[in-house]
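S.K.: Here you go, this is model.cif (mmCIF, C-alpha atoms).
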data_data
loop_
_atom_site.label_atom_id
_atom_site.label_comp_id
_atom_site.auth_asym_id
_atom_site.auth_seq_id
_atom_site.Cartn_x
_atom_site.Cartn_y
_atom_site.Cartn_z
CA MET A 1 99.58 112.25 107.63
CA GLN A 2 102.28 113.20 110.13
CA GLY A 3 100.91 113.27 113.66
CA GLU A 4 97.75 111.41 112.74
CA ASP A 5 97.03 108.67 115.27
CA PRO A 6 95.10 105.80 113.70
CA PHE A 7 93.91 104.69 117.11
CA ASP A 8 92.53 108.12 118.06
CA GLU A 9 88.90 108.44 117.06
CA GLY A 10 89.06 112.20 117.43
CA ALA A 11 92.03 112.48 115.06
CA THR A 12 90.83 110.19 112.36
CA GLY A 13 87.08 110.31 112.68
CA ALA A 14 86.97 106.59 113.43
CA GLY A 15 89.13 104.17 115.36
CA LEU A 16 91.32 101.67 113.61
CA LEU A 17 88.94 98.86 114.50
CA ARG A 18 85.77 100.65 113.40
CA GLN A 19 85.94 99.85 109.71
CA PRO A 20 83.34 98.82 107.13
CA LYS A 21 82.90 95.15 106.38
CA ALA A 22 84.48 95.69 102.96
CA VAL A 23 87.73 96.80 104.61
CA TRP A 24 87.83 93.81 106.95
CA ALA A 25 87.08 91.43 104.08
CA THR A 26 89.96 92.84 102.03
CA ALA A 27 92.34 92.97 105.00
CA GLY A 28 91.51 89.37 105.94
CA ALA A 29 92.16 88.17 102.41
CA SER A 30 95.43 90.16 102.48
CA VAL A 31 96.58 88.20 105.54
CA VAL A 32 96.07 84.94 103.66
CA ALA A 33 97.73 86.32 100.52
CA PHE A 34 100.88 87.19 102.46
CA MET A 35 100.74 83.86 104.24
CA GLY A 36 101.26 82.24 100.85
CA ILE A 37 104.78 83.68 100.57
CA GLY A 38 106.23 81.88 103.59
CA LEU A 39 103.79 78.97 103.62
CA VAL A 40 106.21 76.53 101.99
CA ASP A 41 109.18 77.38 104.24
CA PRO A 42 108.68 74.68 106.91
CA ILE A 43 107.75 72.02 104.36
CA LEU A 44 110.53 72.53 101.81
CA PRO A 45 112.48 69.49 103.07
CA SER A 46 109.24 67.45 103.16
CA ILE A 47 108.42 68.44 99.58
CA ALA A 48 111.94 67.50 98.48
CA LYS A 49 111.55 64.10 100.10
CA GLY A 50 107.99 63.51 98.88
CA LEU A 51 108.76 64.41 95.26
CA GLU A 52 112.32 63.02 95.30
CA ALA A 53 113.76 66.41 94.36
CA SER A 54 116.96 68.24 95.23
CA PRO A 55 117.00 71.47 97.29
CA SER A 56 117.76 73.53 94.17
CA GLN A 57 114.77 71.97 92.38
CA VAL A 58 112.40 72.60 95.29
CA SER A 59 113.67 76.16 95.66
CA LEU A 60 112.27 76.81 92.19
CA LEU A 61 108.91 77.11 93.99
CA PHE A 62 110.07 80.57 95.00
CA THR A 63 111.80 81.29 91.69
CA SER A 64 108.75 80.63 89.51
CA TYR A 65 106.49 82.47 91.98
CA PHE A 66 108.54 85.66 92.07
CA LEU A 67 109.62 85.63 88.44
CA ILE A 68 105.98 85.74 87.42
CA THR A 69 105.33 88.33 90.13
CA ALA A 70 108.07 90.57 88.69
CA PHE A 71 106.57 90.59 85.21
CA ALA A 72 103.06 90.89 86.65
CA MET A 73 104.06 94.27 88.10
CA LEU A 74 103.84 95.62 84.54
CA VAL A 75 100.34 94.20 84.13
CA THR A 76 98.49 94.84 87.39
CA GLY A 77 98.10 98.59 86.97
CA PHE A 78 97.11 98.10 83.34
CA VAL A 79 94.38 95.66 84.40
CA SER A 80 93.03 97.44 87.49
CA SER A 81 92.84 100.83 85.74
CA ARG A 82 90.55 99.23 83.16
CA ILE A 83 88.33 96.74 85.01
CA GLY A 84 88.38 98.33 88.49
CA GLY A 85 89.78 97.31 91.87
CA ARG A 86 87.02 94.89 92.91
CA LYS A 87 87.20 92.80 89.74
CA THR A 88 91.00 92.78 89.89
CA LEU A 89 90.92 91.52 93.49
CA LEU A 90 88.43 88.78 92.62
CA ALA A 91 90.42 87.74 89.55
CA GLY A 92 93.59 87.49 91.62
CA LEU A 93 91.87 85.50 94.35
CA ALA A 94 90.32 83.13 91.82
CA LEU A 95 93.74 82.40 90.33
CA VAL A 96 95.24 81.77 93.78
CA ILE A 97 92.41 79.41 94.71
CA VAL A 98 92.82 77.37 91.52
CA PHE A 99 96.61 77.18 91.51
CA ALA A 100 96.99 76.64 95.26
CA ALA A 101 94.61 73.68 95.03
CA LEU A 102 96.42 72.34 91.97
CA SER A 103 99.73 72.67 93.83
CA GLY A 104 98.46 70.19 96.38
CA THR A 105 97.76 67.63 93.65
CA SER A 106 101.23 67.80 92.08
CA SER A 107 102.93 64.52 91.23
CA SER A 108 106.28 66.05 90.31
CA VAL A 109 108.37 69.04 91.27
CA GLY A 110 107.96 70.39 87.72
CA GLU A 111 104.17 70.46 88.09
CA LEU A 112 104.43 72.13 91.48
CA VAL A 113 106.80 74.80 90.15
CA GLY A 114 104.38 75.52 87.29
CA PHE A 115 101.38 75.79 89.59
CA ARG A 116 103.30 78.14 91.91
CA ALA A 117 103.90 80.39 88.91
CA GLY A 118 100.16 80.68 88.34
CA TRP A 119 99.73 81.31 92.05
CA GLY A 120 102.27 84.15 91.79
CA LEU A 121 100.26 85.84 89.04
CA GLY A 122 97.09 85.70 91.12
CA ASN A 123 98.85 86.97 94.21
CA ALA A 124 100.38 89.88 92.27
CA LEU A 125 96.97 90.95 90.97
CA PHE A 126 95.51 90.81 94.45
CA VAL A 127 98.33 92.34 96.52
CA SER A 128 98.99 95.16 94.07
CA THR A 129 95.36 96.28 94.37
CA ALA A 130 94.44 95.49 97.98
CA LEU A 131 95.79 98.57 99.77
CA ALA A 132 94.37 100.99 97.23
CA VAL A 133 90.98 99.37 97.82
CA ILE A 134 91.40 99.48 101.61
CA VAL A 135 92.35 103.17 101.52
CA GLY A 136 89.37 103.94 99.29
CA ALA A 137 86.88 102.10 101.48
CA ALA A 138 88.29 102.75 104.98
CA ALA A 139 86.86 105.06 107.61
CA GLY A 140 89.18 107.30 109.60
CA GLY A 141 91.62 108.45 106.97
CA SER A 142 94.49 106.81 105.16
CA ALA A 143 96.68 106.50 108.27
CA ALA A 144 94.30 103.96 109.83
CA ALA A 145 93.88 102.15 106.50
CA ILE A 146 97.59 101.83 105.82
CA LEU A 147 98.36 100.68 109.37
CA LEU A 148 95.63 98.08 109.05
CA TYR A 149 97.18 96.87 105.78
CA GLU A 150 100.69 96.74 107.24
CA SER A 151 99.35 94.79 110.19
CA ALA A 152 97.78 92.31 107.78
CA LEU A 153 101.10 92.02 105.98
CA GLY A 154 103.02 91.28 109.18
CA LEU A 155 100.40 88.85 110.47
CA GLY A 156 100.41 87.00 107.17
CA MET A 157 104.21 86.76 106.99
CA ALA A 158 104.27 85.43 110.56
CA CYS A 159 101.37 82.99 110.26
CA GLY A 160 102.29 81.55 106.85
CA PRO A 161 105.13 79.37 108.20
CA LEU A 162 102.99 78.41 111.20
CA LEU A 163 100.12 77.22 108.98
CA GLY A 164 102.62 75.41 106.76
CA ALA A 165 104.01 73.62 109.80
CA LEU A 166 100.66 72.68 111.36
CA LEU A 167 99.15 71.28 108.17
CA GLY A 168 102.42 70.12 106.65
CA ASP A 169 103.28 67.84 109.56
CA ALA A 170 100.65 65.41 108.27
CA SER A 171 101.39 65.91 104.55
CA TRP A 172 103.19 68.55 102.50
CA ARG A 173 100.07 68.75 100.34
CA TYR A 174 97.71 69.98 103.06
CA PRO A 175 99.05 73.56 103.36
CA PHE A 176 98.23 74.16 99.70
CA PHE A 177 94.67 72.88 100.10
CA GLY A 178 94.31 74.92 103.31
CA THR A 179 95.38 78.10 101.55
CA ALA A 180 92.94 77.47 98.71
CA ALA A 181 90.11 77.04 101.23
CA LEU A 182 90.99 80.24 103.13
CA MET A 183 91.26 82.22 99.91
CA ALA A 184 87.85 80.90 98.84
CA VAL A 185 86.41 82.36 102.05
CA GLY A 186 88.16 85.65 101.24
CA PHE A 187 86.71 85.58 97.71
CA LEU A 188 83.17 85.16 99.04
CA CYS A 189 83.62 87.93 101.62
CA ILE A 190 84.92 90.42 99.06
CA ALA A 191 82.21 89.46 96.57
CA ALA A 192 79.57 90.02 99.25
CA PHE A 193 80.84 93.13 101.04
CA LEU A 194 83.02 95.14 98.66
CA LYS A 195 81.42 97.48 96.17
CA GLU A 196 83.22 98.52 93.01
CA GLN A 197 85.71 101.33 93.57
CA PRO A 198 86.03 104.32 91.22
CA LYS A 199 88.43 103.74 88.35
CA PRO A 200 91.47 106.06 88.07
CA ALA A 201 91.10 109.09 85.82
CA ARG A 202 94.04 107.95 83.70
CA ARG A 203 94.63 104.43 82.48
CA THR A 204 98.06 102.91 83.15
CA SER A 205 100.01 101.57 80.17
CA LEU A 206 102.24 98.50 80.27
CA LEU A 207 105.38 100.61 79.79
CA ASP A 208 104.64 103.30 82.40
CA PRO A 209 106.51 101.46 85.21
CA VAL A 210 109.57 100.96 82.98
CA LYS A 211 109.54 104.62 81.94
CA ALA A 212 109.39 105.63 85.61
CA LEU A 213 112.74 103.92 86.17
CA GLY A 214 114.33 106.63 84.02
CA HIS A 215 114.32 108.77 87.16
CA GLY A 216 117.76 108.47 88.79
CA GLY A 217 116.45 108.33 92.34
CA LEU A 218 113.91 105.61 91.65
CA ALA A 219 116.43 103.60 89.63
CA SER A 220 118.88 103.85 92.56
CA VAL A 221 116.30 102.62 95.07
CA ALA A 222 115.37 99.73 92.77
CA ALA A 223 119.04 98.76 92.23
CA SER A 224 119.78 98.78 95.95
CA ALA A 225 116.60 96.81 96.70
CA PHE A 226 117.61 94.24 94.07
CA PHE A 227 120.73 93.31 96.06
CA TYR A 228 118.86 93.48 99.36
CA ASN A 229 116.19 91.11 98.09
CA TYR A 230 118.84 88.59 97.12
CA ALA A 231 119.94 88.53 100.77
CA PHE A 232 116.33 88.47 102.03
CA PHE A 233 115.29 85.48 99.95
CA THR A 234 118.45 83.54 100.62
CA ILE A 235 117.26 83.51 104.23
CA LEU A 236 113.65 82.72 103.37
CA ALA A 237 114.24 79.96 100.80
CA PHE A 238 117.63 78.43 101.65
CA THR A 239 117.81 78.51 105.45
CA PRO A 240 115.12 75.80 105.99
CA PHE A 241 117.45 73.28 104.32
CA VAL A 242 120.38 74.37 106.48
CA LEU A 243 118.42 74.23 109.73
CA ASP A 244 117.04 70.80 108.74
CA MET A 245 114.28 70.80 111.36
CA THR A 246 110.85 69.20 111.60
CA PRO A 247 107.99 71.22 110.09
CA TYR A 248 106.81 72.19 113.59
CA LYS A 249 110.20 73.48 114.72
CA SER A 250 110.91 75.21 111.42
CA GLY A 251 107.46 76.78 111.50
CA ALA A 252 108.09 78.08 115.02
CA VAL A 253 111.40 79.63 113.95
CA PHE A 254 109.87 81.44 111.00
CA PHE A 255 106.81 82.44 113.03
CA ALA A 256 109.14 84.24 115.46
CA TRP A 257 110.99 85.67 112.45
CA GLY A 258 107.71 86.97 111.03
CA LEU A 259 106.68 88.55 114.33
CA LEU A 260 109.95 90.50 114.47
CA LEU A 261 109.46 91.52 110.84
CA ALA A 262 105.99 92.86 111.64
CA VAL A 263 107.02 94.72 114.81
CA PHE A 264 110.06 96.38 113.27
CA SER A 265 108.21 97.25 110.07
CA VAL A 266 105.17 98.83 111.71
CA LEU A 267 106.49 100.16 115.03
CA VAL A 268 110.30 100.45 115.12
CA ALA A 269 111.27 101.65 111.62
CA PRO A 270 109.10 104.83 111.72
CA ARG A 271 110.59 105.90 115.05
CA LEU A 272 114.15 105.34 113.86
CA GLN A 273 113.43 107.22 110.64
CA ARG A 274 112.11 110.21 112.55
CA ARG A 275 115.25 110.29 114.66
CA PHE A 276 118.01 109.43 112.19
CA GLY A 277 116.54 109.79 108.70
CA SER A 278 115.60 107.14 106.14
CA LEU A 279 118.97 106.74 104.43
CA LYS A 280 120.97 106.30 107.65
CA VAL A 281 118.49 103.74 108.95
CA LEU A 282 118.54 101.83 105.68
CA GLY A 283 122.33 101.80 105.35
CA ALA A 284 122.86 100.66 108.94
CA SER A 285 120.16 98.00 108.70
CA LEU A 286 121.68 96.55 105.52
CA VAL A 287 125.14 96.33 107.13
CA LEU A 288 123.67 94.67 110.22
CA LEU A 289 121.79 92.21 108.01
CA ALA A 290 125.08 91.33 106.29
CA ALA A 291 126.72 90.68 109.66
CA ASP A 292 123.75 88.56 110.74
CA LEU A 293 124.03 86.49 107.55
CA LEU A 294 127.68 85.71 108.28
CA VAL A 295 126.76 84.62 111.81
CA LEU A 296 123.98 82.48 110.37
CA GLY A 297 126.32 80.85 107.87
CA TYR A 298 129.23 80.12 110.20
CA GLY A 299 127.57 79.63 113.59
CA GLY A 300 126.41 76.39 115.13
CA HIS A 301 122.84 75.15 114.83
CA THR A 302 121.47 77.12 117.80
CA THR A 303 123.29 80.23 116.65
CA ALA A 304 121.85 79.81 113.14
CA VAL A 305 118.33 79.55 114.58
CA VAL A 306 118.78 82.76 116.59
CA ALA A 307 120.37 84.59 113.63
CA THR A 308 117.48 83.54 111.39
CA ILE A 309 114.93 84.95 113.83
CA VAL A 310 116.93 88.16 114.39
CA SER A 311 117.13 88.76 110.62
CA GLY A 312 113.39 89.44 110.71
CA ALA A 313 114.07 92.71 112.52
CA PHE A 314 116.41 94.02 109.83
CA ILE A 315 114.16 92.78 107.03
CA GLY A 316 111.15 94.52 108.59
CA MET A 317 112.99 97.84 108.77
CA ASN A 318 114.37 97.52 105.25
CA ASN A 319 110.99 96.68 103.77
CA THR A 320 109.37 99.78 105.22
CA VAL A 321 112.16 102.21 104.29
CA TYR A 322 112.63 100.87 100.76
CA THR A 323 108.94 101.11 99.96
CA GLU A 324 108.65 104.66 101.27
CA LEU A 325 111.74 105.74 99.34
CA ALA A 326 110.43 104.16 96.15
CA LEU A 327 107.11 105.96 96.48
CA GLY A 328 108.56 109.34 97.43
CA VAL A 329 111.77 109.74 95.48
CA SER A 330 110.30 110.49 92.04
CA ASP A 331 107.40 112.47 90.64
CA ALA A 332 105.78 109.40 89.09
CA PRO A 333 102.36 108.39 90.44
CA ARG A 334 102.87 106.11 93.40
CA PRO A 335 101.33 102.97 91.85
CA VAL A 336 103.49 103.43 88.74
CA ALA A 337 106.68 104.14 90.71
CA SER A 338 106.13 101.12 92.93
CA ALA A 339 105.39 98.87 89.97
CA GLY A 340 108.70 99.84 88.34
CA TYR A 341 110.57 99.41 91.62
CA ASN A 342 109.03 96.00 92.29
CA PHE A 343 109.62 94.90 88.70
CA VAL A 344 113.37 95.23 89.34
CA ARG A 345 113.64 93.89 92.85
CA TRP A 346 111.51 90.78 92.44
CA PHE A 347 114.04 89.40 89.95
CA ALA A 348 116.48 89.00 92.84
CA ALA A 349 113.75 87.24 94.85
CA ALA A 350 113.46 84.83 91.93
CA ALA A 351 117.23 84.34 91.57
CA ALA A 352 118.28 83.78 95.19
CA PRO A 353 116.24 80.62 95.91
CA PHE A 354 117.73 78.92 92.86
CA LEU A 355 121.32 80.18 93.13
CA ALA A 356 121.83 79.64 96.89
CA PRO A 357 121.56 75.81 96.80
CA LYS A 358 123.53 75.75 93.55
CA ILE A 359 126.34 77.72 95.18
CA GLU A 360 126.29 75.22 98.05
CA GLU A 361 126.66 72.36 95.54
CA TRP A 362 129.61 74.11 93.91
CA THR A 363 131.33 75.12 97.17
CA ASP A 364 130.03 74.45 100.70
CA VAL A 365 127.14 75.40 102.96
CA HIS A 366 128.79 78.61 104.20
CA ILE A 367 129.35 80.38 100.88
CA PRO A 368 125.68 81.06 99.97
CA PHE A 369 125.45 83.18 103.12
CA VAL A 370 128.70 84.96 102.30
CA VAL A 371 127.31 85.83 98.86
CA ALA A 372 124.05 87.03 100.43
CA ALA A 373 125.99 89.15 102.95
CA LEU A 374 128.00 90.71 100.12
CA ALA A 375 124.73 91.46 98.30
CA ALA A 376 123.40 93.28 101.37
CA VAL A 377 126.62 95.31 101.58
CA VAL A 378 126.36 96.20 97.88
CA GLY A 379 122.82 97.42 98.56
CA ALA A 380 124.18 99.68 101.31
CA VAL A 381 126.96 100.92 99.02
CA VAL A 382 124.43 101.85 96.34
CA VAL A 383 122.52 103.89 98.92
CA GLY A 384 125.72 105.66 99.96
CA VAL A 385 127.05 106.29 96.46
CA ARG A 386 123.69 107.46 95.12
CA ARG A 387 122.88 109.48 98.22
CA THR A 388 122.68 112.72 96.24
CA ALA A 389 120.04 111.29 93.90
CA LEU A 390 118.08 110.02 96.90
CA THR A 391 118.59 112.96 99.24
CA HIS A 392 116.76 115.61 97.20
CA GLU A 393 113.43 113.90 97.79
CA ALA A 394 114.22 111.45 100.58
CA GLN A 395 116.26 113.37 103.18
CA GLU A 396 113.22 114.88 104.78
CA LEU A 397 110.95 111.98 103.89
CA GLU A 398 108.39 111.46 106.62
CA PRO A 399 107.77 107.83 107.54
CA VAL A 400 104.11 107.79 106.60
CA HIS A 401 103.97 104.17 105.50
CA ALA A 402 102.77 105.38 102.13
CA MET A 403 102.34 102.07 100.34
CA GLU A 404 99.34 103.21 98.39
CA ASP A 405 99.85 100.84 95.50
CA GLY A 406 99.31 97.89 97.77
CA VAL A 407 102.66 96.32 96.91
CA THR A 408 104.95 95.83 99.85
CA ALA A 409 108.21 94.64 100.46
CA PHE A 410 107.90 91.43 101.69
CA ALA A 411 106.55 90.95 100.06
CA ASP A 412 106.95 93.06 99.98
#
Could you quickly redo this structure as structure tokens?
M.R.:
Amino acid sequence: MQGEDPFDEGATGAGLLRQPKAVWATAGASVVAFMGIGLVDPILPSIAKGLEASPSQVSLLFTSYFLITAFAMLVTGFVSSRIGGRKTLLAGLALVIVFAALSGTSSSVGELVGFRAGWGLGNALFVSTALAVIVGAAAGGSAAAILLYESALGLGMACGPLLGALLGDASWRYPFFGTAALMAVGFLCIAAFLKEQPKPARRTSLLDPVKALGHGGLASVAASAFFYNYAFFTILAFTPFVLDMTPYKSGAVFFAWGLLLAVFSVLVAPRLQRRFGSLKVLGASLVLLAADLLVLGYGGHTTAVVATIVSGAFIGMNNTVYTELALGVSDAPRPVASAGYNFVRWFAAAAAPFLAPKIEEWTDVHIPFVVAALAAVVGAVVVGVRRTALTHEAQELEPVHAMEDGVTAFAD
């Protein structure tokens, strides 16, 4: 795929924008699916106030979501290899529609946490299948398809907080109903325009992703990503309480954060990888993220806002490099390797939102960011110490954005 320009009709056979309706339907639903991750960011304080809950209780919205997502990584390949990509997408969307709508009706934080768990299962089924479907249905080669998917990812991560702010300013319940409505539109579009994709020649078992982690390189990537994700989701889930802003202002901050994430993931990371190599870029980005976290934790309010936005750049680069390493470092099929990798790293995404406010309760507001910075440094140390295991396959790894299992960082 090296040298293939997705925007060049002569190189790909079709421009990026000249895609079948099935591809646009899936990409559009992908935007909304990724919006669901950051949707609750601007309204976390409003939810806490509306349901009379503490920050640590409200942060369980992320914990339940990503804990279910982690275990779902073992299931999605098993399901899609048996019922096909189209049915898996529709099943995931149906679950999101139901549980997003139920989230808006919650009368207690416990109900909301439970409904977010069901939402996480639906999102895992959808996201883990979406890119494979886009690649299979796209015109112009996989380069155009993958860039389109990454663009959807970045747009969704940026627009999620914005939608949460716009609808959440009136009521914290409205963003959940809005997401359910948008996903219903996505469901109808996919049902109407997407034909069933061919099933894989070999069915995936539930244990295949776990067995793939027996490879030293893949296990090293997953371990490093575990610590990185703790830092990532400390920012995403804990910072809104520290900034203590209105939904509009918080939404604007995380919209800018999401834009940087998208730009650095799609445009900047590949160029830096070509020049310096994947491992150097990843190690440096993790160290810079750690420094940014310390500035965020100890700076004044304006400084914390700027540091939050800037963190999107490092997160965008890390997401791209980690995913490419995970998919290229072992000989396991890419969907299986990514499922094992995501199974490990999403546990940190589940832990950080709960532990960060607890650490604040036990100490002070600065220490959660110190812990997150240390986690980012540990992630960099793992990359350095395990460089030999990663170098054999990853040293010459071309930044091809090969996320062919449809599971990103963010989210990915």
S.K.: Hey, which of A:Glu196, A:Asp41, A:Asp331, A:Glu361 ends up closest to Leu163 (chain A)? Count all atoms listed in the file.
M.R.: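 The shortest atom-to-atom distance to Leu163 (chain A) comes from A:Asp41.
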S.K.: Expand the PyMOL selection byres ((chain A and resi 221) around 8) into the explicit residue set it covers here, and present it as a PDB file with C-alpha atoms, keeping the file's coordinate frame.
M.R.:
ATOM      1  CA  GLY A 217     116.450 108.330  92.340  1.00  0.00           C
ATOM      2  CA  LEU A 218     113.910 105.610  91.650  1.00  0.00           C
ATOM      3  CA  ALA A 219     116.430 103.600  89.630  1.00  0.00           C
ATOM      4  CA  SER A 220     118.880 103.850  92.560  1.00  0.00           C
ATOM      5  CA  ALA A 222     115.370  99.730  92.770  1.00  0.00           C
ATOM      6  CA  ALA A 223     119.040  98.760  92.230  1.00  0.00           C
ATOM      7  CA  SER A 224     119.780  98.780  95.950  1.00  0.00           C
ATOM      8  CA  ALA A 225     116.600  96.810  96.700  1.00  0.00           C
ATOM      9  CA  TYR A 322     112.630 100.870 100.760  1.00  0.00           C
ATOM     10  CA  LEU A 325     111.740 105.740  99.340  1.00  0.00           C
ATOM     11  CA  ALA A 326     110.430 104.160  96.150  1.00  0.00           C
ATOM     12  CA  TYR A 341     110.570  99.410  91.620  1.00  0.00           C
ATOM     13  CA  VAL A 383     122.520 103.890  98.920  1.00  0.00           C
ATOM     14  CA  LEU A 390     118.080 110.020  96.900  1.00  0.00           C
TER      15      LEU A 390
END
S.K.: Can you measure CA of Thr88 (chain A) to CA of Ala130 (chain A) for me? One decimal in Å is fine.
M.R.: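 Between these atoms lies a distance of 9.2 Å.
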S.K.: Just say which residues the PyMOL selection byres ((chain A and resi 44) around 9) picks in this file, as a ChimeraX atom specification.
M.R.: /A:40-43,45-49,55,58-59,172,237,240-241,247
S.K.: Apply the PyMOL selection byres ((chain A and resi 333) around 12) to the displayed file and report the matching residues as a PyMOL selection string.
M.R.: chain A and resi 77+200+202-204+208-209+211-212+218+326-332+334-340+403-405
S.K.: Closest to Tyr298 (chain A) among A:Val365, A:Val268, A:Ala313, A:Lys358, using all atoms listed in the file?
M.R.: A:Val365
S.K.: Set the distance at 7 Å and use only C-alpha atoms: which residues neighbour Pro353 (chain A) once local chain neighbours fewer than 5 positions away are removed? I'd like the list as a list of chain:residue names.
M.R.: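 Final neighbour list, sorted by chain and number: A:Ser59, A:Leu60, A:Phe62, A:Thr63, A:Phe233, A:Thr234, A:Ala237, A:Phe238.
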S.K.: Between CA of Ala94 (chain A) and CA of Leu236 (chain A), what distance in Å does the model show, to one decimal?
M.R.: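 CA of Leu236 (chain A) lies 26.0 Å from CA of Ala94 (chain A).
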S.K.: Could you check how far CA of Thr308 (chain A) sits from CA of Ala256 (chain A), in Å to one decimal?
M.R.: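 Distance reported for this atom pair: 9.3 Å.
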S.K.: So that I can check the surroundings of Leu167 (chain A), please list as number ranges by chain every protein, DNA and RNA residue that reaches within 12 Å of it, counting all atoms listed in the file and ignoring chain neighbours fewer than 5 positions away.
M.R.: A: 39-40, 42-43, 46, 104, 160-162, 172-179, 247-248, 251
S.K.: I'd like to know which of A:Val79, A:Leu259, A:Ala33, A:Val378 is closest to Leu182 (chain A), using only C-alpha atoms.
M.R.: A:Ala33
S.K.: Choose the residue, out of A:Phe99, A:Phe276, A:Phe232, A:Phe227, that has the smallest atom-to-atom separation from Ala375 (chain A); count only C-alpha atoms.
M.R.: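 Going through A:Phe99, A:Phe276, A:Phe232, A:Phe227 one by one, the smallest distance to Ala375 (chain A) is for A:Phe227.
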S.K.: How close does region 13-65 of chain A get to region 106-111 of chain A? List, as a Markdown table, each residue of region 13-65 of chain A within 8 Å, its nearest atom pair and the distance in Å to one decimal, counting all atoms listed in the file.
M.R.:
| residue | atom | partner | partner_atom | distance |
| --- | --- | --- | --- | --- |
| A:Leu51 | CA | A:Ser108 | CA | 5.8 |
| A:Ala53 | CA | A:Val109 | CA | 6.7 |
| A:Gln57 | CA | A:Val109 | CA | 7.1 |
| A:Val58 | CA | A:Val109 | CA | 6.7 |
S.K.: Find the residues around Leu121 (chain A) up to 9 Å (all atoms listed in the file counted), leave out those fewer than 4 positions away in its own chain, and share them as a ChimeraX atom specification.
M.R.: /A:65-66,68-69,71-72,92,95-96,116-117,125-126
